[in-house]
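Asker: The structure file protein_30.pdb (PDB, C-alpha atoms) is provided below.
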```pdb
ATOM      1  CA  MET A   1     -14.890  14.394  41.336
ATOM      2  CA  LYS A   2     -16.538  14.863  37.922
ATOM      3  CA  ALA A   3     -16.691  11.725  35.768
ATOM      4  CA  VAL A   4     -18.299  10.194  32.705
ATOM      5  CA  PHE A   5     -20.198   7.071  33.720
ATOM      6  CA  ILE A   6     -23.042   4.765  32.806
ATOM      7  CA  GLU A   7     -25.775   3.237  34.947
ATOM      8  CA  GLN A   8     -27.085   0.976  32.188
ATOM      9  CA  HIS A   9     -25.991  -0.257  28.774
ATOM     10  CA  GLY A  10     -27.160   1.470  25.619
ATOM     11  CA  GLY A  11     -26.333   4.171  23.099
ATOM     12  CA  PRO A  12     -24.496   7.459  23.696
ATOM     13  CA  GLU A  13     -27.606   8.786  25.439
ATOM     14  CA  VAL A  14     -26.896   6.614  28.516
ATOM     15  CA  LEU A  15     -23.639   8.469  29.214
ATOM     16  CA  LYS A  16     -23.829  10.676  32.282
ATOM     17  CA  TYR A  17     -21.539  13.491  33.369
ATOM     18  CA  GLY A  18     -21.662  14.184  37.079
ATOM     19  CA  ASP A  19     -20.179  13.744  40.520
ATOM     20  CA  LEU A  20     -18.828  10.503  41.959
ATOM     21  CA  PRO A  21     -16.762   9.878  45.117
ATOM     22  CA  ASP A  22     -13.055  10.608  44.904
ATOM     23  CA  PRO A  23     -10.904   7.452  44.731
ATOM     24  CA  VAL A  24      -8.500   6.534  47.547
ATOM     25  CA  ALA A  25      -5.059   5.003  47.052
ATOM     26  CA  GLY A  26      -4.845   1.447  48.342
ATOM     27  CA  SER A  27      -1.658  -0.438  49.098
ATOM     28  CA  GLY A  28       0.697  -0.199  46.115
ATOM     29  CA  GLU A  29      -1.510   2.368  44.400
ATOM     30  CA  VAL A  30      -1.402   6.038  43.475
ATOM     31  CA  VAL A  31      -4.191   8.533  42.913
ATOM     32  CA  VAL A  32      -3.663  10.550  39.739
ATOM     33  CA  ASP A  33      -5.332  13.876  39.029
ATOM     34  CA  ILE A  34      -6.124  13.339  35.358
ATOM     35  CA  HIS A  35      -5.252  16.068  32.871
ATOM     36  CA  ALA A  36      -6.108  14.154  29.684
ATOM     37  CA  ALA A  37      -7.657  10.786  28.827
ATOM     38  CA  SER A  38      -8.132   9.171  25.451
ATOM     39  CA  VAL A  39     -11.249   7.719  23.872
ATOM     40  CA  ASN A  40     -10.852   4.215  22.440
ATOM     41  CA  GLY A  41     -13.126   2.020  20.352
ATOM     42  CA  VAL A  42     -13.519  -0.301  23.308
ATOM     43  CA  ASP A  43     -15.275   2.492  25.257
ATOM     44  CA  TRP A  44     -18.428   2.520  23.148
ATOM     45  CA  LYS A  45     -18.386  -1.286  22.970
ATOM     46  CA  VAL A  46     -18.327  -1.476  26.792
ATOM     47  CA  ARG A  47     -21.075   1.158  26.963
ATOM     48  CA  ALA A  48     -23.215  -0.844  24.526
ATOM     49  CA  GLY A  49     -22.848  -4.053  26.543
ATOM     50  CA  GLY A  50     -20.339  -5.853  24.360
ATOM     51  CA  TYR A  51     -18.107  -6.719  27.308
ATOM     52  CA  GLY A  52     -20.724  -8.228  29.580
ATOM     53  CA  GLN A  53     -22.573  -6.930  32.590
ATOM     54  CA  LEU A  54     -20.854  -4.288  34.713
ATOM     55  CA  LYS A  55     -21.204  -3.055  38.257
ATOM     56  CA  PHE A  56     -22.957   0.319  38.002
ATOM     57  CA  PRO A  57     -22.213   3.160  38.105
ATOM     58  CA  HIS A  58     -19.297   2.375  35.809
ATOM     59  CA  VAL A  59     -16.689   4.948  34.744
ATOM     60  CA  LEU A  60     -15.287   4.331  31.276
ATOM     61  CA  GLY A  61     -11.776   4.972  29.958
ATOM     62  CA  ARG A  62      -8.511   3.062  29.929
ATOM     63  CA  ASP A  63      -5.562   5.433  29.346
ATOM     64  CA  PHE A  64      -4.654   8.817  30.750
ATOM     65  CA  SER A  65      -2.007  11.338  31.714
ATOM     66  CA  GLY A  66      -1.926  13.447  34.858
ATOM     67  CA  VAL A  67      -0.215  14.269  38.141
ATOM     68  CA  VAL A  68       0.104  12.067  41.217
ATOM     69  CA  SER A  69      -1.889  13.565  44.089
ATOM     70  CA  ALA A  70      -1.629  10.764  46.688
ATOM     71  CA  ILE A  71       0.300   7.544  47.240
ATOM     72  CA  GLY A  72      -0.657   4.375  49.057
ATOM     73  CA  GLU A  73       1.347   2.233  51.436
ATOM     74  CA  GLY A  74       4.400   0.646  49.862
ATOM     75  CA  VAL A  75       4.826   3.098  46.994
ATOM     76  CA  ASP A  76       8.369   4.449  47.067
ATOM     77  CA  ASP A  77       9.178   5.245  43.426
ATOM     78  CA  LEU A  78       6.516   7.899  42.836
ATOM     79  CA  ARG A  79       5.536  10.931  44.894
ATOM     80  CA  PRO A  80       2.819  13.585  44.859
ATOM     81  CA  GLY A  81       3.521  16.121  42.121
ATOM     82  CA  ASP A  82       5.033  13.606  39.673
ATOM     83  CA  ALA A  83       3.645  13.860  36.150
ATOM     84  CA  VAL A  84       2.720  10.369  34.956
ATOM     85  CA  PHE A  85       0.831   8.510  32.241
ATOM     86  CA  GLY A  86      -0.471   5.007  31.923
ATOM     87  CA  VAL A  87      -3.046   2.412  30.958
ATOM     88  CA  CYS A  88      -5.422   0.770  33.428
ATOM     89  CA  GLU A  89      -4.624  -2.849  34.168
ATOM     90  CA  ALA A  90      -6.748  -5.465  32.451
ATOM     91  CA  GLY A  91     -10.208  -5.512  33.962
ATOM     92  CA  GLN A  92     -10.036  -1.939  35.292
ATOM     93  CA  GLU A  93     -11.467   1.215  33.751
ATOM     94  CA  GLY A  94     -12.136   4.685  35.096
ATOM     95  CA  ALA A  95      -9.921   7.142  33.203
ATOM     96  CA  HIS A  96     -12.784   9.357  32.032
ATOM     97  CA  ALA A  97     -12.815  11.238  35.295
ATOM     98  CA  GLU A  98     -10.941  13.917  37.190
ATOM     99  CA  LYS A  99      -9.151  11.303  39.344
ATOM    100  CA  ILE A 100      -8.199   7.644  39.228
ATOM    101  CA  ALA A 101      -6.543   5.212  41.673
ATOM    102  CA  MET A 102      -4.418   2.505  40.130
ATOM    103  CA  LYS A 103      -1.418   0.234  40.612
ATOM    104  CA  ALA A 104       1.746   2.350  40.812
ATOM    105  CA  ALA A 105       3.943  -0.302  39.172
ATOM    106  CA  ILE A 106       2.267   0.120  35.776
ATOM    107  CA  VAL A 107       2.343   3.935  35.758
ATOM    108  CA  ALA A 108       5.284   5.680  34.084
ATOM    109  CA  LYS A 109       6.730   9.131  34.648
ATOM    110  CA  LYS A 110       5.838  11.567  31.883
ATOM    111  CA  PRO A 111       8.819  13.518  30.571
ATOM    112  CA  ASP A 112       8.518  17.300  30.280
ATOM    113  CA  GLY A 113       8.830  17.121  26.490
ATOM    114  CA  LEU A 114       5.650  15.066  26.182
ATOM    115  CA  SER A 115       2.371  16.914  26.769
ATOM    116  CA  HIS A 116      -0.434  15.401  28.814
ATOM    117  CA  THR A 117      -2.677  15.323  25.731
ATOM    118  CA  ASP A 118      -0.098  13.542  23.587
ATOM    119  CA  ALA A 119       0.798  11.126  26.405
ATOM    120  CA  ALA A 120      -2.853  10.135  26.819
ATOM    121  CA  ALA A 121      -3.223   9.726  23.060
ATOM    122  CA  LEU A 122      -0.142   7.500  22.779
ATOM    123  CA  ALA A 123      -0.439   5.248  25.831
ATOM    124  CA  LEU A 124      -2.819   2.450  24.815
ATOM    125  CA  ILE A 125      -2.202   2.682  21.068
ATOM    126  CA  GLY A 126       1.533   2.501  21.736
ATOM    127  CA  LEU A 127       1.236  -0.558  23.970
ATOM    128  CA  THR A 128      -1.021  -2.235  21.414
ATOM    129  CA  ALA A 129       1.165  -1.451  18.403
ATOM    130  CA  MET A 130       4.408  -2.491  20.095
ATOM    131  CA  ASN A 131       2.904  -5.747  21.323
ATOM    132  CA  ALA A 132       1.620  -6.502  17.823
ATOM    133  CA  ILE A 133       4.531  -5.373  15.645
ATOM    134  CA  GLU A 134       7.490  -6.294  17.836
ATOM    135  CA  ASP A 135       6.401  -8.913  20.353
ATOM    136  CA  THR A 136       3.824 -10.877  18.328
ATOM    137  CA  LEU A 137       4.688 -10.463  14.637
ATOM    138  CA  LYS A 138       8.386  -9.980  15.434
ATOM    139  CA  LEU A 139       8.717  -7.811  12.331
ATOM    140  CA  GLN A 140      12.232  -7.664  10.888
ATOM    141  CA  ARG A 141      14.159  -5.194   8.747
ATOM    142  CA  GLY A 142      13.556  -5.832   5.062
ATOM    143  CA  GLU A 143      10.181  -7.519   5.522
ATOM    144  CA  THR A 144       6.922  -6.305   3.971
ATOM    145  CA  ILE A 145       3.827  -5.662   6.079
ATOM    146  CA  LEU A 146       0.257  -4.642   5.285
ATOM    147  CA  ILE A 147      -1.289  -2.510   8.044
ATOM    148  CA  GLN A 148      -5.054  -2.312   7.711
ATOM    149  CA  GLY A 149      -6.793   0.965   8.620
ATOM    150  CA  GLY A 150      -3.704   3.184   8.507
ATOM    151  CA  ALA A 151      -5.312   6.442   9.658
ATOM    152  CA  GLY A 152      -6.477   5.031  12.990
ATOM    153  CA  GLY A 153      -4.616   5.541  16.234
ATOM    154  CA  VAL A 154      -3.038   2.089  16.671
ATOM    155  CA  ALA A 155      -2.271   1.764  12.964
ATOM    156  CA  SER A 156      -0.661   5.213  12.775
ATOM    157  CA  PHE A 157       1.739   4.234  15.570
ATOM    158  CA  ALA A 158       2.334   0.854  13.898
ATOM    159  CA  ILE A 159       3.242   2.435  10.554
ATOM    160  CA  GLN A 160       5.899   4.597  12.185
ATOM    161  CA  LEU A 161       7.246   1.713  14.265
ATOM    162  CA  ALA A 162       7.418  -0.612  11.254
ATOM    163  CA  LYS A 163       9.335   1.998   9.266
ATOM    164  CA  HIS A 164      11.709   2.500  12.193
ATOM    165  CA  ILE A 165      12.390  -1.243  12.180
ATOM    166  CA  GLY A 166      13.162  -1.038   8.453
ATOM    167  CA  ALA A 167      10.139  -2.768   6.932
ATOM    168  CA  ARG A 168       8.301  -1.890   3.719
ATOM    169  CA  VAL A 169       4.810  -0.738   4.680
ATOM    170  CA  PHE A 170       1.573  -1.050   2.727
ATOM    171  CA  THR A 171      -1.560   0.393   4.292
ATOM    172  CA  THR A 172      -5.236   0.954   3.545
ATOM    173  CA  ALA A 173      -6.892   4.345   3.986
ATOM    174  CA  SER A 174      -9.594   6.493   2.421
ATOM    175  CA  ALA A 175      -8.433   8.995  -0.177
ATOM    176  CA  ALA A 176      -8.879  11.846   2.297
ATOM    177  CA  ASN A 177      -6.232  10.280   4.562
ATOM    178  CA  HIS A 178      -3.590   9.390   1.979
ATOM    179  CA  ASP A 179      -1.408  12.432   2.673
ATOM    180  CA  TYR A 180      -1.676  11.767   6.404
ATOM    181  CA  VAL A 181      -0.520   8.138   6.256
ATOM    182  CA  ARG A 182       2.110   8.930   3.627
ATOM    183  CA  ASP A 183       3.542  11.517   6.002
ATOM    184  CA  LEU A 184       3.706   8.815   8.691
ATOM    185  CA  GLY A 185       5.966   6.787   6.411
ATOM    186  CA  ALA A 186       3.694   4.425   4.478
ATOM    187  CA  ASP A 187       5.335   3.279   1.246
ATOM    188  CA  GLU A 188       2.181   2.231  -0.614
ATOM    189  CA  ILE A 189      -1.397   3.307   0.146
ATOM    190  CA  ILE A 190      -4.538   1.571  -1.074
ATOM    191  CA  ASP A 191      -7.852   3.454  -1.170
ATOM    192  CA  TYR A 192     -10.197   0.818   0.244
ATOM    193  CA  ASN A 193     -13.189   2.597  -1.318
ATOM    194  CA  ALA A 194     -11.753   2.264  -4.827
ATOM    195  CA  ARG A 195      -9.582  -0.852  -4.864
ATOM    196  CA  ASP A 196      -9.538  -4.323  -3.340
ATOM    197  CA  PHE A 197      -6.337  -4.598  -1.300
ATOM    198  CA  ALA A 198      -6.164  -8.319  -2.064
ATOM    199  CA  GLN A 199      -5.833  -7.473  -5.761
ATOM    200  CA  VAL A 200      -3.010  -5.007  -5.107
ATOM    201  CA  VAL A 201      -0.841  -6.586  -2.406
ATOM    202  CA  ALA A 202       0.726 -10.058  -2.445
ATOM    203  CA  ASN A 203       3.479 -12.076  -0.776
ATOM    204  CA  CYS A 204       3.573 -10.005   2.412
ATOM    205  CA  ASP A 205       5.594 -11.329   5.311
ATOM    206  CA  ALA A 206       3.076  -9.957   7.800
ATOM    207  CA  VAL A 207      -0.330  -8.317   8.189
ATOM    208  CA  PHE A 208      -1.519  -6.214  11.108
ATOM    209  CA  ASP A 209      -5.292  -5.797  11.024
ATOM    210  CA  THR A 210      -6.996  -3.076  13.073
ATOM    211  CA  VAL A 211     -10.310  -3.162  11.161
ATOM    212  CA  GLY A 212     -11.886  -6.574  11.733
ATOM    213  CA  GLY A 213     -14.863  -8.165  10.014
ATOM    214  CA  ASP A 214     -14.501  -9.211   6.388
ATOM    215  CA  VAL A 215     -11.243  -7.264   6.086
ATOM    216  CA  ALA A 216      -9.644  -9.515   8.688
ATOM    217  CA  GLN A 217     -10.598 -12.755   6.961
ATOM    218  CA  ARG A 218      -9.528 -11.520   3.517
ATOM    219  CA  SER A 219      -6.163 -10.391   4.883
ATOM    220  CA  PHE A 220      -4.842 -13.959   4.821
ATOM    221  CA  ALA A 221      -4.846 -13.829   1.011
ATOM    222  CA  VAL A 222      -1.991 -11.325   0.826
ATOM    223  CA  LEU A 223       0.444 -13.384   2.912
ATOM    224  CA  ARG A 224       3.307 -15.405   1.479
ATOM    225  CA  PRO A 225       3.549 -19.055   2.535
ATOM    226  CA  GLY A 226       4.827 -18.991   6.114
ATOM    227  CA  GLY A 227       3.535 -15.464   6.672
ATOM    228  CA  ARG A 228       1.836 -14.338   9.865
ATOM    229  CA  ALA A 229      -1.027 -11.996  10.694
ATOM    230  CA  ALA A 230      -2.003 -10.237  13.925
ATOM    231  CA  PHE A 231      -5.563  -9.117  14.695
ATOM    232  CA  ILE A 232      -6.864  -6.706  17.341
ATOM    233  CA  ALA A 233     -10.406  -6.047  16.060
ATOM    234  CA  SER A 234     -11.725  -9.609  15.819
ATOM    235  CA  GLY A 235     -12.446 -10.327  19.456
ATOM    236  CA  ALA A 236     -10.426 -12.254  22.014
ATOM    237  CA  GLN A 237      -9.388 -14.945  19.527
ATOM    238  CA  ALA A 238      -7.640 -14.479  16.198
ATOM    239  CA  PRO A 239      -9.742 -15.500  13.165
ATOM    240  CA  LYS A 240      -9.119 -18.948  11.706
ATOM    241  CA  PRO A 241      -7.148 -18.823   8.432
ATOM    242  CA  ASP A 242      -8.654 -20.281   5.292
ATOM    243  CA  ARG A 243      -5.228 -21.699   4.415
ATOM    244  CA  ASP A 244      -2.863 -23.888   6.410
ATOM    245  CA  ASP A 245       0.461 -22.280   5.479
ATOM    246  CA  VAL A 246       0.070 -19.042   7.496
ATOM    247  CA  THR A 247      -0.174 -18.167  11.196
ATOM    248  CA  SER A 248      -3.014 -16.199  12.799
ATOM    249  CA  LEU A 249      -2.209 -14.379  16.054
ATOM    250  CA  ARG A 250      -4.018 -12.321  18.687
ATOM    251  CA  PRO A 251      -1.515  -9.998  20.428
ATOM    252  CA  PRO A 252      -1.773  -9.640  24.196
ATOM    253  CA  VAL A 253      -1.617  -6.046  25.389
ATOM    254  CA  GLY A 254       0.312  -6.292  28.610
ATOM    255  CA  ARG A 255       0.605  -3.343  30.970
ATOM    256  CA  ALA A 256       4.214  -2.583  31.808
ATOM    257  CA  ARG A 257       6.078   0.543  32.820
ATOM    258  CA  ALA A 258       8.957  -0.454  30.544
ATOM    259  CA  HIS A 259       6.738  -0.246  27.471
ATOM    260  CA  LEU A 260       5.429   3.170  28.514
ATOM    261  CA  ASP A 261       8.984   4.391  29.079
ATOM    262  CA  ARG A 262       9.819   3.235  25.567
ATOM    263  CA  ILE A 263       6.830   5.070  24.104
ATOM    264  CA  ALA A 264       8.138   8.262  25.705
ATOM    265  CA  GLU A 265      11.647   7.577  24.383
ATOM    266  CA  LEU A 266      10.409   6.938  20.839
ATOM    267  CA  TYR A 267       8.423  10.173  20.989
ATOM    268  CA  LEU A 268      11.260  12.291  22.379
ATOM    269  CA  THR A 269      13.742  10.985  19.796
ATOM    270  CA  GLY A 270      11.363  11.742  16.935
ATOM    271  CA  VAL A 271      10.759   8.138  15.895
ATOM    272  CA  ILE A 272       7.068   8.365  16.771
ATOM    273  CA  ARG A 273       4.870  11.415  16.758
ATOM    274  CA  ALA A 274       1.463  11.780  18.298
ATOM    275  CA  PRO A 275      -1.516  11.032  16.057
ATOM    276  CA  HIS A 276      -3.895  13.676  14.830
ATOM    277  CA  ILE A 277      -5.986  14.570  17.906
ATOM    278  CA  THR A 278      -9.591  15.738  18.155
ATOM    279  CA  ARG A 279     -10.175  17.301  21.580
ATOM    280  CA  TYR A 280     -13.259  17.163  23.767
ATOM    281  CA  ARG A 281     -14.301  18.144  27.278
ATOM    282  CA  LEU A 282     -15.572  15.401  29.579
ATOM    283  CA  SER A 283     -19.035  16.935  29.374
ATOM    284  CA  GLU A 284     -18.971  16.283  25.599
ATOM    285  CA  ALA A 285     -18.635  12.512  26.002
ATOM    286  CA  GLY A 286     -21.739  11.804  23.926
ATOM    287  CA  ASP A 287     -20.306  13.609  20.914
ATOM    288  CA  ALA A 288     -16.988  11.805  21.324
ATOM    289  CA  HIS A 289     -18.705   8.415  21.471
ATOM    290  CA  ARG A 290     -20.803   9.104  18.393
ATOM    291  CA  LEU A 291     -17.709   9.965  16.366
ATOM    292  CA  SER A 292     -15.754   7.016  17.780
ATOM    293  CA  GLU A 293     -18.579   4.614  16.944
ATOM    294  CA  SER A 294     -18.749   5.926  13.373
ATOM    295  CA  ARG A 295     -15.117   4.783  12.911
ATOM    296  CA  HIS A 296     -14.692   7.556  10.323
ATOM    297  CA  PHE A 297     -12.125   9.830  11.886
ATOM    298  CA  ARG A 298      -8.390  10.338  11.855
ATOM    299  CA  GLY A 299      -6.031   9.568  14.727
ATOM    300  CA  LYS A 300      -7.295   9.844  18.307
ATOM    301  CA  LEU A 301     -10.061  11.460  20.329
ATOM    302  CA  VAL A 302      -8.918  12.892  23.659
ATOM    303  CA  PHE A 303     -10.702  14.372  26.656
ATOM    304  CA  GLU A 304      -8.827  17.382  28.023
ATOM    305  CA  VAL A 305      -9.914  17.184  31.633
ATOM    306  CA  ARG A 306      -8.053  20.080  33.261
TER     307      ARG A 306
END
```
In structure tokens, what does this structure look like?
Answerer:
Amino acid sequence: MKAVFIEQHGGPEVLKYGDLPDPVAGSGEVVVDIHAASVNGVDWKVRAGGYGQLKFPHVLGRDFSGVVSAIGEGVDDLRPGDAVFGVCEAGQEGAHAEKIAMKAAIVAKKPDGLSHTDAAALALIGLTAMNAIEDTLKLQRGETILIQGGAGGVASFAIQLAKHIGARVFTTASAANHDYVRDLGADEIIDYNARDFAQVVANCDAVFDTVGGDVAQRSFAVLRPGGRAAFIASGAQAPKPDRDDVTSLRPPVGRARAHLDRIAELYLTGVIRAPHITRYRLSEAGDAHRLSESRHFRGKLVFEVR
């Protein structure tokens, strides 16, 4: 199979596009012929060595959509020919390839009304946003939330989900993306290049930060007493608040078929739409990584594999 892989850590120049052995389905696994796979910020961080030493060659990529081509022993709820989408279990990668073998229990069937490209774009961002907004922050109707970095993939899903719940949504975005995030449902938009969000927003019930760095630490200032904040761009641990009357949380991103089924349902019922997508071929992985690492793009980057 063709795949994007690395044999050492480094910049985009270490990415290789070439042939690797086809995977084989083990017990409880399926092999999926990948049609589309998304590019996530974690991909360039893994490539650069930010997640420790790997066993080389290492195929990058965590979420995908495709068609089951083989099943392993014990798999009785999927069959060859089923269209599916999913996210690799924690500790596994390999979606930036023509094929992947993975645990069948965390793969979901892809409905006909959801394209492979959109399914790949929604899988990991949907799991992340739902875990943060619903399971961790437990956002309620009538509450106010600030979502940092509104034009990004996870944040764009989170804005729509928060509005569906019935919350009032503030978000930060560059001026060029204001129409985009407003169309997603954001009530108030702050141009982070022109205004300090901490001078505009106050007494929020919740914050969801997808940016990290100084933005994460300053986000505590906009919370009301008793407010809570969730962080996905500050490493494995949530940052420590500089005040003792708020809660800082790091959402887990569990892999579960039920969550993927719900992503599909939210999409099909019009609650959530796919983010803006920039498409690449697998052989263009270097270009995709350079744009991803710049962090100045809208929505999601997706490899269209076949």
Asker: For a cut-off of 6 Å around (5.6, -3.1, 5.1), file coordinates, pick out all residues using only C-alpha atoms and list them as a list in words.
Answerer: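 Taken together, the residues in range are Thr144, Ile145, Leu146, Ala167, Arg168, Val169 and Phe170 of chain A.
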Asker: Please evaluate the PyMOL selection byres ((chain A and resi 215) around 12) against the displayed coordinates and give the resulting residues as an MDAnalysis selection string.
Answerer: chainID A and resid 146:149 172 192 196:198 207:214 216:222 231 233:234 239
Asker: Neighbouring residues of A:Gln8 were defined as those with any atom within 9 Å, considering only C-alpha atoms; residues of the same chain fewer than 2 positions away were excluded. Please report them as a CSV table (one decimal) with C-alpha atoms, keeping the file's coordinate frame.
Answerer:
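The new file result.csv reads:
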```
chain,number,residue,atom,x,y,z
A,6,ILE,CA,-23.0,4.8,32.8
A,10,GLY,CA,-27.2,1.5,25.6
A,14,VAL,CA,-26.9,6.6,28.5
A,15,LEU,CA,-23.6,8.5,29.2
A,47,ARG,CA,-21.1,1.2,27.0
A,48,ALA,CA,-23.2,-0.8,24.5
A,49,GLY,CA,-22.8,-4.1,26.5
A,54,LEU,CA,-20.9,-4.3,34.7
A,56,PHE,CA,-23.0,0.3,38.0
A,57,PRO,CA,-22.2,3.2,38.1
A,58,HIS,CA,-19.3,2.4,35.8
```
Asker: May I have the protein, DNA and RNA residues with any atom at most 8 Å from the point (3.8, -19.5, 9.1), counting all atoms listed in the file, written as a ChimeraX atom specification?
Answerer: /A:225-228,245-247
Asker: So how far away is atom CA of A:Val181 from atom CA of A:Val84, in Å?
Answerer: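 Computed distance, atom CA of A:Val84 to atom CA of A:Val181, equals 29.0 Å.
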Asker: Using only C-alpha atoms, find each residue of stretch 190-276 of chain A with at least one atom at most 8 Å away from an atom of stretch 105-114 of chain A; report its shortest atom-to-atom pair and that distance in Å (one decimal), sort the rows by chain and rising residue number, and return the result as a tab-separated table.
Answerer:
```
residue	atom	partner	partner_atom	distance
A:Arg255	CA	A:Ile106	CA	6.2
A:Ala256	CA	A:Ile106	CA	5.2
A:Arg257	CA	A:Ile106	CA	4.8
A:Ala258	CA	A:Ala108	CA	8.0
A:Leu260	CA	A:Ala108	CA	6.1
A:Asp261	CA	A:Ala108	CA	6.4
A:Ala264	CA	A:Pro111	CA	7.2
A:Tyr267	CA	A:Leu114	CA	7.7
A:Leu268	CA	A:Gly113	CA	6.8
```
Asker: What are the centre and the three edge lengths of an axis-aligned box that wraps all atoms of stretch 133-143 of chain A in the file, given that 3 Å is added to every side, written as AutoDock Vina command-line options and rounded to one decimal in Å?
Answerer:
```
--center_x 9.0 --center_y -8.0 --center_z 12.7 --size_x 16.3 --size_y 11.7 --size_z 21.3
```
Asker: At a cut-off of 8 Å, using only C-alpha atoms, what residues contact A:Ala285? Leave out same-chain residues fewer than 3 positions from it and give the result as a count of residues only.
Answerer: 8
Asker: Which stretch 45-156 of chain A residues have any atom within 10 Å of an atom of stretch 298-304 of chain A, and for each, what is the nearest pair of atoms with distance in Å to one decimal, counting only C-alpha atoms, rows sorted by chain and number, as a tab-separated table?
Answerer:
```
residue	atom	partner	partner_atom	distance
A:Asp63	CA	A:Val302	CA	10.0
A:Phe64	CA	A:Phe303	CA	9.2
A:Ser65	CA	A:Glu304	CA	9.8
A:Ala95	CA	A:Phe303	CA	9.8
A:His96	CA	A:Phe303	CA	7.6
A:Ala97	CA	A:Phe303	CA	9.4
A:His116	CA	A:Glu304	CA	8.7
A:Thr117	CA	A:Glu304	CA	6.9
A:Asp118	CA	A:Val302	CA	8.8
A:Ala120	CA	A:Val302	CA	7.4
A:Ala121	CA	A:Lys300	CA	6.3
A:Leu122	CA	A:Lys300	CA	8.8
A:Ile125	CA	A:Lys300	CA	9.2
A:Gly150	CA	A:Arg298	CA	9.2
A:Ala151	CA	A:Arg298	CA	5.4
A:Gly152	CA	A:Gly299	CA	4.9
A:Gly153	CA	A:Gly299	CA	4.5
A:Val154	CA	A:Gly299	CA	8.3
A:Ala155	CA	A:Gly299	CA	8.8
A:Ser156	CA	A:Gly299	CA	7.2
```
Asker: So which one's closest to A:Asp19, A:Asp187, A:Glu143, A:Glu98, A:Glu93? Using only C-alpha atoms, please.
Answerer: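 Checking each of A:Asp187, A:Glu143, A:Glu98, A:Glu93 against A:Asp19, counting only C-alpha atoms, the winner is A:Glu98.
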